[in-house]
Structure formats: C-alpha cells, structure tokens
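Working notes, structure below.
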Amino acid sequence: MVSNISLFGCPFGCAVKTHFMRLILLVFVILLSCQNRLFSQQTGSVGLTDPSMTRTLNPIDTQSIWKIIRGLAHDSMMGRRPGTPGEVKTIHYLSRVFKEAGLTPAYPDGYLQPVGLINASATGTINFTIQDNSLNIPDSLLLIRSLRGGDVDFKNKELVFAGYGVTAPEFGWDDYKGIDVKGKMVVILDGEPRQLQKRGFGGALTYHSFYLVKDEIAKRHGAAGIILLMDIKEFSPSLKWWQQKDFTTLAAGLGEFQTHLTVRLSQKAADQFAVANHATMEAWKRQADDSSFNPFSIPALAQIAVHTQATPFTSHNVVGFIRGSDPVLRNECIVYSTHWDGYGIGPTIRGDSIYNAAKDNAGGIAEMLTIAHAMHTMSKAPRRSIVFIASTAEESGKLGAEAYTRSPLFPLNKTVLAIGMDIFSPWGHSVGLYNAGYGYTSVDTLLGQLAREKGVPYKAPRNSQFAASDQYMFARRGVPAIFATMDSESYSLSKNAIDSIENVSRVHSPFDEIFTVWDLRSVVDEAKVMFQIGVTVANASGRPSWVVRNEFTKK
C-alpha cells in the first residue's frame with residue numbers, strides 16, 4: 001500500500017493526483033476481492049432460504065423482540081443508568097433473560113462481570129493567552145478523566161493545530177506528520193477531510209471522524225489533551241449535564257487510549273477562537289482538506305482550571321455464552337456485544353425526566369437475546385463458541401466493552417469476529433443493509449450474500465458509526481469487527497410522518513420511548529442476518545481478516 005499521499009499537493013498537477021487516487025482505489029478493490037473470495041470459499045453457502053435454517057430462525061420474531069424492549073424501556077427501569085437502582089433492576093432482569101435464552105453463565109457466580117467505574121464530574125474554565133491578550137470562551141465543555149478528584153490546573157499549555165486529527169494509513173493520510181505534540185493541547189476540527197470521504201467506501205464519513213478515534217490518536221502522539229472545534233451550534237442543557245457534570249471513567253484508568261482532558265468548543269466558540277488567532281474556521285478547514293497539509297503551532301497558550309469530584313462504584317457487564325461443538329474450534333469464539341445502559345433520570349424536558357432509551361439501546365439488547373435463544377435451540381451448536389455481552393457504560397465511551405477486552409472470557413487472539421449491535425430502524429419494510437465497517441474485513445462477502453437473499457442492496461456506510469459502539473473496542477485490539485444495520489421504510493406511514501416521529505423521539509432524550517406505530521419486521525430481518533453471520537463464521541474452516549492496512553492491523 002502507498003504510505004504517503006502528500007504528493008497530491010505537489011506541483012505535478014491534477015493528472016498525477018487523479019491517477020494516484022485511482023491506483024489506490026484499484027489496490028483496495030483487488031485486495032478486498034481476493035480476501036473476500038478466499039473467505040467465501042472457506043464458509044460455503046450462507047443459505048438463509050434453506051428450510052432447516054428457516055426453522056432455526058423461528059424464535060427470532062417480533063413478539064420476542066417486543067417483550068424485551070418493553071421490559072427494558074419501562075419507566076420502572078429508571079433509564080438504566082450505571083451505578084443507580086436502575087442498574088440493579090436491569091442486570092437482574094437481564095440475568096433472568098440470559099438464563100431463559102439458554103446461555104451458560106460466563107463466571108462461577110453467574111452472568112455478571114464487575115466493571116469498576118468512577119463518576120468524575122468536572123467544572124472549570126478555559127482561557128487562552130493570545131499575544132498578551134486574554135480570551136475567555138464560556139460555551140465550552142471540559143471533560144476530564146480523573147481517578148482521584150481535586151483540582152487540575154493546566155498552565156501555559158502550548159497549542160498545535162492538527163487539522164482533523166486523522167491518522168489513516170489505509171488512505172495515506174496523517175495530520176500529525178512532522179510535528180511533536182508531546183505534553184501539548186492539540187486543536188482538532190470536527191469531522192474529517194472531504195478527500196477521505198471521496199477515497200473511502202461509498203463517499204460517507206469514515207470512522208476516523210469519530211471523536212473517540214481522534215482522542216486516541218492524540219494520546220498516541222503524547223498530547224495532554226485535545227480541543228475539539230465542534231460543528232454543533234450550541235450545547236444543549238442535557239448534553240452539558242451528562243457529559244460535563246457526570247462523566248464516567250474506568251477505575252482502572254483510560255491512560256492507555258484516551259488523553260487526560262478533552263475540551264469541546266461549540267461552533268460559535270470555535271469561530272471566536274479562530275478569529276482571535278487571526279484566522280477563520282473556513283480557512284482552517286480549507287487548509288486541513290488538502291492532503292499536503294502540515295500541522296503547525298498556534299501562537300497561543302491555554303490556561304485550564306478544572307475542579308473534579310471522583311466517586312468510585314461498581315457496575316456490571318452481563319455475559320453468557322454457548323459452548324462450541326467442535327472439540328478444537330470451541331476454544332475460539334465469535335462475540336456479540338451491545339449495551340444495556342441509558343442516561344437514567346436527568347434534566348426534565350417537557351415534563352419528562354426518565355430517559356427510557358428504547359431504541360438506544362433496549363432494541364439492540366432485544367435483538368441480541370433473540371439471536372442467543374435461536375442459537376440455543378439449534379440441534380447442534382455452532383463449531384466455535386458464541387459469546388453474548390450486554391455491556392455497561394457504552395454511552396460514556398464504550399467502557400464496559402473496554403473492560404471486557406481487558407479481561408475477556410476467551411483470549412482476544414481466539415476471538416475471530418466481533419459483531420456490534422445498537423440502534424434499530426423500526427419501520428417494517430427492509431430496504432438496505434448497511435455496514436459501518438464496509439470495506440475493511442472479509443465478512444463483506446457474507447453480508448452481501450445475505451442482503452441479496454433478503455432482496456435488499458448491501459451498501460457502504462452512511463456515517464462514521466463504526467467507532468460509535470462496542471465492536472470498536474475489539475477492533476482497536478485487532479479483532480475483525482462489523483457493525484451492520486438494516487435500513488427500513490414504512491409500509492403505511494409517509495416519509496414525512498416517519499421523519500416527524502424520529503425527530504420527536506430522539507435518542508439521548510426522555511423521548512426515546514416505545515412508539516406503537518413501530519413495525520419490527522425490519523428489526524427481525526436485521527436480527528436474522530446477524531444470526532446467520534455469527535453461525536456461518538462460527539462454522540467456517542477459516543477466519544475473517546482485515547483486508548486493508550489500517551491502525552487495527554498493527555495489533
């Protein structure tokens with residue numbers, strides 16, 4: 001693979017640039033085709049239309065999914081926030097449903113994996129000294145990973161502008177080339193370069209645009225923290241409450257992959273910051289969109305004073321498994337992971353303070369457990385073992401999944417695939433299968449075959465959500481991972497009606513509740529596809545693989 005595409009900014013002109021881009025995309029296609037064909041030969045036909053498979057899939061139905069969604073999204077679960085009475089109710093309920101699904105407890109005492117967490121609430125201020133002038137920016141969020149609490153004082157921290165903060169070897173892109181950011185604050189744009197979208201799969205945002213990935217890359221380069229210049233016009237009260245006043249971190253520490261401090265500036269605040277530095281956000285974006293961009297020091301210093309309160313507590317993942325039937329391959333596994341946690345009881349909005357988290361993520365849990373039950377009813381278990389994880393603290397940075405990867409039931413080098421599940425599209429008529437990890441693993445062939453058998457197209461991602469759920473924590477440790485979702489349209493409701501309902505029932509709000517107009521037939525389709533991917537990979541003679549060079553392949 002080509003490791004440096006900074007030639008795109010050289011004087012050789014557009015012809016060389018275009019030729020080079022086409023060459024890289026051609027290499028991508030060849031690698032993807034060869035790896036996918038090899039894995040396809042090792043797995044054989046998927047066969048969702050096979051009569052025996054149809055019988056096996058019978059337990060995956062709307063009634064089963066509805067039952068679990070109603071149980072988890074009920075007001076009595078109090079929004080399922082870790083470390084609250086809502087968690088106690090949730091993990092007891094899930095332990096019972098795991099048992100009913102026929103899953104073997106992962107631990108001697110049952111299904112619960114303790115996860116040490118810390119509520120690290122942070123309040124503070126950030127000021128910039130720019131040419132002896134002081135700039136105070138009130139519309140900012142300060143998020144700090146503190147294990148002890150107390151005052152944190154960053155004085156005269158140097159600033160480096162690193163474009164979009166992207167390091168993407170598969171696209172030959174590095175926003176950190178040629179600069180030392182150790183101990184400094186890195187100023188990063190929200191999103192990603194447009195060229196990355198053009199070079200990527202399907203022209204959508206890649207996972208490199210996700211804030212957690214940016215933070216991890218900054219940490220790897222030794223940065224003390226990041227200042228993220230957001231595209232959000234202003235921060236809502238609920239966002240401020242959750243992320244700044246009650247930020248949760250792993251008691252074991254996040255020093256391995258997150259910086260100590262994240263500062264997020266709203267769009268208005270980012271504009272102020274740029275103007276104070278005799279620039280504009282538009283100019284910085286133009287610079288960062290060019291592949292020849294080089295990071296540079298900003299002639300300003302940051303003064304950050306934060307008071308933190310750290311309160312440790314124990315949360316829990318809920319983990320069960322199905323032992324594989326092959327005496328050798330049973331020591332390897334496929335992992336399904338999706339989170340049980342929500343936002344709990346928070347700021348009251350239009351008279352409602354319970355954040356029920358029905359779509360995000362009672363739905364994902366319901367799908368996963370119906371898959372587990374279907375696998376348990378198979379006349380013969382899959383050859384490899386199958387692990388099912390209902391994780392905690394996903395909304396706080398996928399902390400439950402990270403805790404599992406630090407102490408896995410099966411070694412990660414024996415974990416052949418991680419399947420992430422999360423928000424569903426409950427509108428009945430399945431119209432397309434999306435994979436947020438499209439183009440990165442050999443599993444694409446299987447997903448494409450399943451999509452064809454369901455009569456829907458298999459599509460590149462619409463957004464950057466590959467890093468936004470549990471499977472990313474496995475991927476960053478080298479485990480091939482997918483995050484596929486079924487898109488749907490309503491049989492009876494107009495697009496305007498669906499958009500209105502989606503707008504009212506936004507996730508991360510008190511209005512992520514059950515709607516009686518939901519049609520879960522598309523959710524059943526999605527669960528069946530995810531079931532078949534797991535069974536097929538579990539029974540395959542070969543293992544999935546990464547098909548392009550990226551950060552994950554270094555693990």
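Labels used: A, B, ... for chains in the order of the structure tokens, numbers from 1 for residues in each chain, and numbers from 1 for ligands as shown.
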
Can you list, as a PyMOL selection string, every residue of region 80-113 of chain A that DSSP puts in alpha helix (DSSP H)? chain A and resi 85-100

Atoms kept (N, CA and C atoms) for selection, written as a JSON list (two decimals), in the first residue's frame:
```
[["chain", "number", "residue", "atom", "x", "y", "z"],
["A", 85, "PRO", "N", -30.14, 2.57, 41.24],
["A", 85, "PRO", "CA", -31.11, 1.48, 41.39],
["A", 85, "PRO", "C", -31.62, 0.95, 40.05],
["A", 86, "GLY", "N", -31.59, 1.81, 39.01],
["A", 86, "GLY", "CA", -31.98, 1.35, 37.68],
["A", 86, "GLY", "C", -31.06, 0.28, 37.15],
["A", 87, "GLU", "N", -29.77, 0.37, 37.46],
["A", 87, "GLU", "CA", -28.85, -0.71, 37.04],
["A", 87, "GLU", "C", -29.20, -2.00, 37.75],
["A", 88, "VAL", "N", -29.44, -1.94, 39.05],
["A", 88, "VAL", "CA", -29.74, -3.16, 39.82],
["A", 88, "VAL", "C", -30.92, -3.90, 39.19],
["A", 89, "LYS", "N", -31.98, -3.16, 38.88],
["A", 89, "LYS", "CA", -33.16, -3.77, 38.26],
["A", 89, "LYS", "C", -32.80, -4.35, 36.89],
["A", 90, "THR", "N", -31.99, -3.61, 36.14],
["A", 90, "THR", "CA", -31.66, -4.02, 34.77],
["A", 90, "THR", "C", -30.83, -5.30, 34.75],
["A", 91, "ILE", "N", -29.78, -5.38, 35.55],
["A", 91, "ILE", "CA", -28.92, -6.56, 35.48],
["A", 91, "ILE", "C", -29.61, -7.80, 36.05],
["A", 92, "HIS", "N", -30.51, -7.62, 37.01],
["A", 92, "HIS", "CA", -31.29, -8.75, 37.49],
["A", 92, "HIS", "C", -32.23, -9.25, 36.38],
["A", 93, "TYR", "N", -32.87, -8.32, 35.69],
["A", 93, "TYR", "CA", -33.75, -8.68, 34.59],
["A", 93, "TYR", "C", -32.97, -9.40, 33.49],
["A", 94, "LEU", "N", -31.81, -8.85, 33.12],
["A", 94, "LEU", "CA", -31.02, -9.43, 32.04],
["A", 94, "LEU", "C", -30.47, -10.81, 32.42],
["A", 95, "SER", "N", -30.06, -10.97, 33.65],
["A", 95, "SER", "CA", -29.58, -12.28, 34.08],
["A", 95, "SER", "C", -30.67, -13.34, 33.90],
["A", 96, "ARG", "N", -31.90, -12.96, 34.23],
["A", 96, "ARG", "CA", -33.02, -13.90, 34.07],
["A", 96, "ARG", "C", -33.27, -14.20, 32.60],
["A", 97, "VAL", "N", -33.21, -13.17, 31.74],
["A", 97, "VAL", "CA", -33.47, -13.39, 30.31],
["A", 97, "VAL", "C", -32.32, -14.17, 29.66],
["A", 98, "PHE", "N", -31.08, -13.92, 30.10],
["A", 98, "PHE", "CA", -29.95, -14.71, 29.61],
["A", 98, "PHE", "C", -30.18, -16.20, 29.92],
["A", 99, "LYS", "N", -30.64, -16.47, 31.13],
["A", 99, "LYS", "CA", -30.89, -17.86, 31.54],
["A", 99, "LYS", "C", -32.01, -18.46, 30.69],
["A", 100, "GLU", "N", -33.09, -17.69, 30.49],
["A", 100, "GLU", "CA", -34.21, -18.17, 29.68],
["A", 100, "GLU", "C", -33.78, -18.44, 28.24]]
```

Looking only at strand (DSSP E) from DSSP on the backbone, list the matching residues of region 327-467 of chain A as a PyMOL selection string. chain A and resi 333-339+344-349+352-355+385-391+415-420+429-435+458-459

Generate a file of the selected residues that holds C-alpha atoms, formatted as a JSON list (two decimals), in the first residue's frame.
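Result file out30.json:
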```
[["chain", "number", "residue", "atom", "x", "y", "z"],
["A", 333, "CYS", "CA", -15.30, -17.55, 19.70],
["A", 334, "ILE", "CA", -17.50, -15.01, 17.99],
["A", 335, "VAL", "CA", -18.65, -12.11, 20.18],
["A", 336, "TYR", "CA", -21.97, -10.28, 20.01],
["A", 337, "SER", "CA", -21.89, -7.10, 22.05],
["A", 338, "THR", "CA", -24.47, -4.39, 22.68],
["A", 339, "HIS", "CA", -25.07, -2.09, 25.63],
["A", 344, "GLY", "CA", -31.06, 7.38, 33.65],
["A", 345, "ILE", "CA", -33.10, 10.16, 35.24],
["A", 346, "GLY", "CA", -31.89, 13.53, 34.05],
["A", 347, "PRO", "CA", -32.95, 17.08, 33.30],
["A", 348, "THR", "CA", -36.71, 17.39, 32.88],
["A", 349, "ILE", "CA", -37.74, 18.23, 29.34],
["A", 352, "ASP", "CA", -40.41, 14.04, 31.43],
["A", 353, "SER", "CA", -37.18, 13.19, 33.26],
["A", 354, "ILE", "CA", -36.84, 9.44, 32.58],
["A", 355, "TYR", "CA", -34.52, 8.72, 29.64],
["A", 385, "SER", "CA", -18.27, -20.79, 20.85],
["A", 386, "ILE", "CA", -20.54, -17.73, 20.79],
["A", 387, "VAL", "CA", -20.26, -15.04, 23.50],
["A", 388, "PHE", "CA", -23.07, -12.56, 24.21],
["A", 389, "ILE", "CA", -22.25, -9.35, 26.09],
["A", 390, "ALA", "CA", -24.75, -6.81, 27.41],
["A", 391, "SER", "CA", -22.28, -4.09, 28.30],
["A", 415, "THR", "CA", -11.87, -14.08, 19.19],
["A", 416, "VAL", "CA", -12.35, -14.32, 15.45],
["A", 417, "LEU", "CA", -15.13, -11.74, 14.96],
["A", 418, "ALA", "CA", -16.86, -9.03, 17.00],
["A", 419, "ILE", "CA", -20.43, -8.20, 15.97],
["A", 420, "GLY", "CA", -21.74, -4.88, 17.24],
["A", 429, "HIS", "CA", -40.05, -2.73, 5.13],
["A", 430, "SER", "CA", -36.35, -3.55, 4.84],
["A", 431, "VAL", "CA", -34.72, -1.53, 2.06],
["A", 432, "GLY", "CA", -30.97, -1.93, 2.53],
["A", 433, "LEU", "CA", -28.23, -3.47, 4.65],
["A", 434, "TYR", "CA", -25.50, -1.09, 5.78],
["A", 435, "ASN", "CA", -22.15, -1.99, 7.32],
["A", 458, "TYR", "CA", -25.74, -4.16, 0.51],
["A", 459, "LYS", "CA", -24.46, -0.64, 0.98]]
```

One decimal, Å: what's the distance from CA of Ser64 (chain A) over to CA of Ala366 (chain A), could you say? 7.8 Å

Neighbour list for Pro295 (chain A) as a PDB file with N, CA, C and O atoms, in the first residue's frame, cut-off 8 Å, only C-alpha atoms, skip fewer than 3 positions in-chain:
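The new file out-v3.pdb reads:
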```
ATOM      1  N   VAL A 160      -1.250  23.105  19.275  1.00  0.00           N
ATOM      2  CA  VAL A 160      -0.878  22.694  17.926  1.00  0.00           C
ATOM      3  C   VAL A 160      -2.148  22.450  17.139  1.00  0.00           C
ATOM      4  O   VAL A 160      -3.053  21.752  17.619  1.00  0.00           O
ATOM      5  N   PHE A 161      -2.235  23.045  15.935  1.00  0.00           N
ATOM      6  CA  PHE A 161      -3.379  22.779  15.067  1.00  0.00           C
ATOM      7  C   PHE A 161      -3.039  21.575  14.194  1.00  0.00           C
ATOM      8  O   PHE A 161      -2.106  21.627  13.382  1.00  0.00           O
ATOM      9  N   ALA A 162      -3.786  20.490  14.376  1.00  0.00           N
ATOM     10  CA  ALA A 162      -3.530  19.238  13.649  1.00  0.00           C
ATOM     11  C   ALA A 162      -4.681  18.910  12.702  1.00  0.00           C
ATOM     12  O   ALA A 162      -5.072  17.741  12.569  1.00  0.00           O
ATOM     13  N   GLY A 163      -5.231  19.920  12.050  1.00  0.00           N
ATOM     14  CA  GLY A 163      -6.282  19.672  11.066  1.00  0.00           C
ATOM     15  C   GLY A 163      -7.459  18.931  11.656  1.00  0.00           C
ATOM     16  O   GLY A 163      -8.057  19.358  12.643  1.00  0.00           O
ATOM     17  N   ASP A 175      -2.363  13.643   9.770  1.00  0.00           N
ATOM     18  CA  ASP A 175      -2.412  15.049  10.182  1.00  0.00           C
ATOM     19  C   ASP A 175      -1.367  15.380  11.243  1.00  0.00           C
ATOM     20  O   ASP A 175      -1.305  16.531  11.699  1.00  0.00           O
ATOM     21  N   TYR A 176      -0.555  14.411  11.646  1.00  0.00           N
ATOM     22  CA  TYR A 176       0.463  14.656  12.671  1.00  0.00           C
ATOM     23  C   TYR A 176       1.877  14.607  12.096  1.00  0.00           C
ATOM     24  O   TYR A 176       2.847  14.631  12.853  1.00  0.00           O
ATOM     25  N   LYS A 177       1.991  14.562  10.793  1.00  0.00           N
ATOM     26  CA  LYS A 177       3.314  14.383  10.212  1.00  0.00           C
ATOM     27  C   LYS A 177       4.230  15.568  10.524  1.00  0.00           C
ATOM     28  O   LYS A 177       3.861  16.733  10.388  1.00  0.00           O
ATOM     29  N   GLY A 178       5.427  15.239  10.988  1.00  0.00           N
ATOM     30  CA  GLY A 178       6.474  16.238  11.149  1.00  0.00           C
ATOM     31  C   GLY A 178       6.340  17.176  12.333  1.00  0.00           C
ATOM     32  O   GLY A 178       6.967  18.254  12.322  1.00  0.00           O
ATOM     33  N   ILE A 179       5.541  16.837  13.344  1.00  0.00           N
ATOM     34  CA  ILE A 179       5.407  17.755  14.483  1.00  0.00           C
ATOM     35  C   ILE A 179       5.351  16.970  15.791  1.00  0.00           C
ATOM     36  O   ILE A 179       4.861  15.841  15.834  1.00  0.00           O
TER      37      ILE A 179
END
```

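Rounded to one decimal, CA of Leu205 (chain A) and CA of Val187 (chain A) lie 20.1 Å from each other.
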
Measuring between only C-alpha atoms, which one of A:Ala497, A:Ala403, A:Ala218, A:Ile533 shows the shortest distance to Leu450 (chain A)? A:Ile533

Non-local contacts of region 221-231 of chain A (7 Å; only C-alpha atoms; under 3 positions in same chain excluded) as an mmCIF file with all heavy atoms, in the first residue's frame:
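Listing of part_39.cif after writing:
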```cif
data_model
loop_
_atom_site.group_PDB
_atom_site.id
_atom_site.type_symbol
_atom_site.label_atom_id
_atom_site.label_comp_id
_atom_site.auth_asym_id
_atom_site.auth_seq_id
_atom_site.Cartn_x
_atom_site.Cartn_y
_atom_site.Cartn_z
ATOM 1 N N VAL A 181 3.852 16.822 19.495
ATOM 2 C CA VAL A 181 2.741 17.358 20.295
ATOM 3 C C VAL A 181 2.811 16.881 21.735
ATOM 4 O O VAL A 181 1.865 17.062 22.496
ATOM 5 C CB VAL A 181 1.367 16.990 19.679
ATOM 6 C CG1 VAL A 181 1.246 17.517 18.265
ATOM 7 C CG2 VAL A 181 1.143 15.480 19.715
ATOM 8 N N LYS A 182 3.902 16.276 22.130
ATOM 9 C CA LYS A 182 4.009 15.706 23.467
ATOM 10 C C LYS A 182 3.791 16.768 24.536
ATOM 11 O O LYS A 182 4.454 17.812 24.555
ATOM 12 C CB LYS A 182 5.377 15.056 23.664
ATOM 13 C CG LYS A 182 5.477 14.247 24.942
ATOM 14 C CD LYS A 182 6.796 13.481 25.009
ATOM 15 C CE LYS A 182 6.862 12.638 26.278
ATOM 16 N NZ LYS A 182 8.143 11.874 26.343
ATOM 17 N N GLY A 183 2.837 16.510 25.443
ATOM 18 C CA GLY A 183 2.533 17.423 26.534
ATOM 19 C C GLY A 183 1.750 18.653 26.129
ATOM 20 O O GLY A 183 1.468 19.513 26.975
ATOM 21 N N LYS A 184 1.343 18.747 24.874
ATOM 22 C CA LYS A 184 0.637 19.926 24.376
ATOM 23 C C LYS A 184 -0.850 19.626 24.194
ATOM 24 O O LYS A 184 -1.290 18.481 24.269
ATOM 25 C CB LYS A 184 1.253 20.381 23.046
ATOM 26 C CG LYS A 184 2.743 20.717 23.143
ATOM 27 C CD LYS A 184 3.338 21.019 21.781
ATOM 28 C CE LYS A 184 4.848 21.272 21.890
ATOM 29 N NZ LYS A 184 5.465 21.523 20.566
ATOM 30 N N MET A 185 -1.624 20.679 23.966
ATOM 31 C CA MET A 185 -3.035 20.531 23.609
ATOM 32 C C MET A 185 -3.143 20.579 22.086
ATOM 33 O O MET A 185 -2.607 21.491 21.454
ATOM 34 C CB MET A 185 -3.878 21.641 24.222
ATOM 35 C CG MET A 185 -3.913 21.647 25.734
ATOM 36 S SD MET A 185 -4.763 20.216 26.459
ATOM 37 C CE MET A 185 -6.448 20.513 25.927
ATOM 38 N N VAL A 186 -3.834 19.598 21.523
ATOM 39 C CA VAL A 186 -3.991 19.529 20.074
ATOM 40 C C VAL A 186 -5.355 20.086 19.693
ATOM 41 O O VAL A 186 -6.390 19.631 20.200
ATOM 42 C CB VAL A 186 -3.858 18.077 19.572
ATOM 43 C CG1 VAL A 186 -4.002 18.029 18.062
ATOM 44 C CG2 VAL A 186 -2.516 17.498 19.977
ATOM 45 N N VAL A 187 -5.368 21.075 18.821
ATOM 46 C CA VAL A 187 -6.598 21.684 18.327
ATOM 47 C C VAL A 187 -7.024 20.937 17.069
ATOM 48 O O VAL A 187 -6.255 20.828 16.112
ATOM 49 C CB VAL A 187 -6.394 23.181 18.032
ATOM 50 C CG1 VAL A 187 -7.691 23.802 17.504
ATOM 51 C CG2 VAL A 187 -5.915 23.912 19.287
ATOM 52 N N ILE A 188 -8.254 20.403 17.090
ATOM 53 C CA ILE A 188 -8.713 19.493 16.039
ATOM 54 C C ILE A 188 -10.099 19.919 15.551
ATOM 55 O O ILE A 188 -10.963 20.274 16.349
ATOM 56 C CB ILE A 188 -8.766 18.044 16.561
ATOM 57 C CG1 ILE A 188 -7.371 17.560 16.945
ATOM 58 C CG2 ILE A 188 -9.381 17.113 15.537
ATOM 59 C CD1 ILE A 188 -7.377 16.210 17.634
ATOM 60 N N LEU A 189 -10.306 19.832 14.257
ATOM 61 C CA LEU A 189 -11.615 20.107 13.665
ATOM 62 C C LEU A 189 -12.542 18.905 13.818
ATOM 63 O O LEU A 189 -12.096 17.756 13.781
ATOM 64 C CB LEU A 189 -11.464 20.428 12.176
ATOM 65 C CG LEU A 189 -10.661 21.685 11.813
ATOM 66 C CD1 LEU A 189 -10.367 21.697 10.317
ATOM 67 C CD2 LEU A 189 -11.396 22.941 12.223
ATOM 68 N N ASP A 190 -13.816 19.168 13.957
ATOM 69 C CA ASP A 190 -14.831 18.120 13.949
ATOM 70 C C ASP A 190 -14.943 17.554 12.534
ATOM 71 O O ASP A 190 -14.722 18.255 11.548
ATOM 72 C CB ASP A 190 -16.176 18.727 14.383
ATOM 73 C CG ASP A 190 -17.133 17.689 14.925
ATOM 74 O OD1 ASP A 190 -16.731 16.540 15.091
ATOM 75 O OD2 ASP A 190 -18.293 18.058 15.206
ATOM 76 N N ASP A 215 -9.291 11.318 19.765
ATOM 77 C CA ASP A 215 -8.695 11.404 21.087
ATOM 78 C C ASP A 215 -7.624 10.326 21.262
ATOM 79 O O ASP A 215 -6.550 10.568 21.819
ATOM 80 C CB ASP A 215 -9.786 11.251 22.151
ATOM 81 C CG ASP A 215 -9.323 11.652 23.535
ATOM 82 O OD1 ASP A 215 -8.544 12.613 23.643
ATOM 83 O OD2 ASP A 215 -9.734 11.015 24.507
ATOM 84 N N ILE A 217 -5.822 8.882 18.894
ATOM 85 C CA ILE A 217 -4.650 9.211 18.080
ATOM 86 C C ILE A 217 -3.819 10.293 18.756
ATOM 87 O O ILE A 217 -2.581 10.232 18.789
ATOM 88 C CB ILE A 217 -5.085 9.667 16.673
ATOM 89 C CG1 ILE A 217 -5.792 8.517 15.936
ATOM 90 C CG2 ILE A 217 -3.888 10.158 15.870
ATOM 91 C CD1 ILE A 217 -4.936 7.304 15.691
ATOM 92 N N ALA A 218 -4.490 11.300 19.321
ATOM 93 C CA ALA A 218 -3.771 12.364 20.028
ATOM 94 C C ALA A 218 -2.990 11.801 21.205
ATOM 95 O O ALA A 218 -1.839 12.181 21.453
ATOM 96 C CB ALA A 218 -4.751 13.434 20.495
ATOM 97 N N THR A 259 -6.725 10.765 26.107
ATOM 98 C CA THR A 259 -5.984 11.860 26.726
ATOM 99 C C THR A 259 -6.608 12.210 28.073
ATOM 100 O O THR A 259 -7.718 11.797 28.394
ATOM 101 C CB THR A 259 -5.983 13.111 25.827
ATOM 102 O OG1 THR A 259 -7.337 13.543 25.630
ATOM 103 C CG2 THR A 259 -5.335 12.825 24.483
ATOM 104 N N HIS A 260 -5.867 12.997 28.848
ATOM 105 C CA HIS A 260 -6.335 13.357 30.180
ATOM 106 C C HIS A 260 -7.517 14.325 30.137
ATOM 107 O O HIS A 260 -8.383 14.320 31.001
ATOM 108 C CB HIS A 260 -5.181 13.979 30.969
ATOM 109 C CG HIS A 260 -5.478 14.189 32.425
ATOM 110 N ND1 HIS A 260 -5.777 13.147 33.272
ATOM 111 C CD2 HIS A 260 -5.530 15.320 33.182
ATOM 112 C CE1 HIS A 260 -5.995 13.619 34.499
ATOM 113 N NE2 HIS A 260 -5.857 14.924 34.465
ATOM 114 N N LEU A 261 -7.557 15.153 29.101
ATOM 115 C CA LEU A 261 -8.546 16.230 29.062
ATOM 116 C C LEU A 261 -9.056 16.438 27.642
ATOM 117 O O LEU A 261 -8.291 16.443 26.678
ATOM 118 C CB LEU A 261 -7.923 17.536 29.574
ATOM 119 C CG LEU A 261 -8.765 18.803 29.487
ATOM 120 C CD1 LEU A 261 -9.938 18.731 30.450
ATOM 121 C CD2 LEU A 261 -7.910 20.024 29.791
ATOM 122 N N THR A 262 -10.367 16.587 27.536
ATOM 123 C CA THR A 262 -10.980 16.963 26.265
ATOM 124 C C THR A 262 -11.768 18.250 26.470
ATOM 125 O O THR A 262 -12.584 18.342 27.397
ATOM 126 C CB THR A 262 -11.934 15.869 25.753
ATOM 127 O OG1 THR A 262 -11.189 14.683 25.493
ATOM 128 C CG2 THR A 262 -12.622 16.300 24.463
ATOM 129 N N VAL A 263 -11.511 19.230 25.619
ATOM 130 C CA VAL A 263 -12.274 20.477 25.620
ATOM 131 C C VAL A 263 -13.046 20.542 24.306
ATOM 132 O O VAL A 263 -12.471 20.373 23.232
ATOM 133 C CB VAL A 263 -11.355 21.711 25.743
ATOM 134 C CG1 VAL A 263 -12.193 22.996 25.721
ATOM 135 C CG2 VAL A 263 -10.513 21.640 27.002
ATOM 136 N N ARG A 264 -14.338 20.769 24.401
ATOM 137 C CA ARG A 264 -15.156 20.888 23.196
ATOM 138 C C ARG A 264 -15.695 22.304 23.108
ATOM 139 O O ARG A 264 -16.332 22.790 24.048
ATOM 140 C CB ARG A 264 -16.305 19.873 23.229
ATOM 141 C CG ARG A 264 -15.818 18.440 23.237
ATOM 142 C CD ARG A 264 -16.951 17.455 23.246
ATOM 143 N NE ARG A 264 -16.458 16.090 23.364
ATOM 144 C CZ ARG A 264 -17.222 15.018 23.480
ATOM 145 N NH1 ARG A 264 -18.539 15.156 23.503
ATOM 146 N NH2 ARG A 264 -16.694 13.828 23.585
ATOM 147 N N LEU A 265 -15.427 22.941 21.990
ATOM 148 C CA LEU A 265 -15.920 24.293 21.755
ATOM 149 C C LEU A 265 -17.076 24.231 20.769
ATOM 150 O O LEU A 265 -16.981 23.572 19.734
ATOM 151 C CB LEU A 265 -14.817 25.191 21.197
ATOM 152 C CG LEU A 265 -13.534 25.337 22.034
ATOM 153 C CD1 LEU A 265 -12.602 26.356 21.385
ATOM 154 C CD2 LEU A 265 -13.847 25.741 23.463
ATOM 155 N N SER A 266 -18.153 24.929 21.095
ATOM 156 C CA SER A 266 -19.286 25.000 20.175
ATOM 157 C C SER A 266 -18.864 25.754 18.912
ATOM 158 O O SER A 266 -17.784 26.354 18.844
ATOM 159 C CB SER A 266 -20.464 25.723 20.827
ATOM 160 O OG SER A 266 -20.148 27.100 21.005
ATOM 161 N N GLN A 267 -19.726 25.728 17.909
ATOM 162 C CA GLN A 267 -19.435 26.411 16.643
ATOM 163 C C GLN A 267 -19.145 27.898 16.862
ATOM 164 O O GLN A 267 -18.174 28.437 16.327
ATOM 165 C CB GLN A 267 -20.620 26.230 15.698
ATOM 166 C CG GLN A 267 -20.367 26.649 14.263
ATOM 167 C CD GLN A 267 -21.591 26.376 13.412
ATOM 168 O OE1 GLN A 267 -22.550 27.153 13.407
ATOM 169 N NE2 GLN A 267 -21.580 25.260 12.702
ATOM 170 N N ALA A 270 -15.795 28.211 18.635
ATOM 171 C CA ALA A 270 -14.705 27.895 17.713
ATOM 172 C C ALA A 270 -14.424 29.063 16.787
ATOM 173 O O ALA A 270 -13.257 29.376 16.492
ATOM 174 C CB ALA A 270 -15.052 26.643 16.912
#
```

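Taking CA of Asp499 (chain A) and CA of Glu367 (chain A) as endpoints, the distance between them is 23.3 Å.
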
Using only C-alpha atoms, which residue out of A:Pro114, A:Pro193, A:Gly364, A:Pro312 lies closest to Met530 (chain A)? A:Gly364

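Nearest to Phe424 (chain A) of all the residues A:Glu402, A:Glu513, A:Asp470, A:Asp360 is A:Asp360, counting only C-alpha atoms.
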
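Using only C-alpha atoms for every distance, the candidate list A:Ser236, A:Asn294, A:Thr311, A:Thr370 yields A:Thr370 as the residue closest to Leu103 (chain A).
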
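Among the candidates A:Pro461, A:Pro59, A:Gly320, A:Gly437, the residue lying nearest to Pro105 (chain A) is A:Gly320 (atoms considered: only C-alpha atoms).
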
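Restricting the calculation to only C-alpha atoms, the smallest distance between Ala527 (chain A) and any of A:Leu72, A:Val318, A:Ile65, A:Val328 is found for A:Ile65.
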
Near-region 273-284 of chain A list (8 Å; only C-alpha atoms; drop same-chain fewer than 3 positions) as a PyMOL selection string: chain A and resi 130+135+137+163+269-270+287-288+298-300
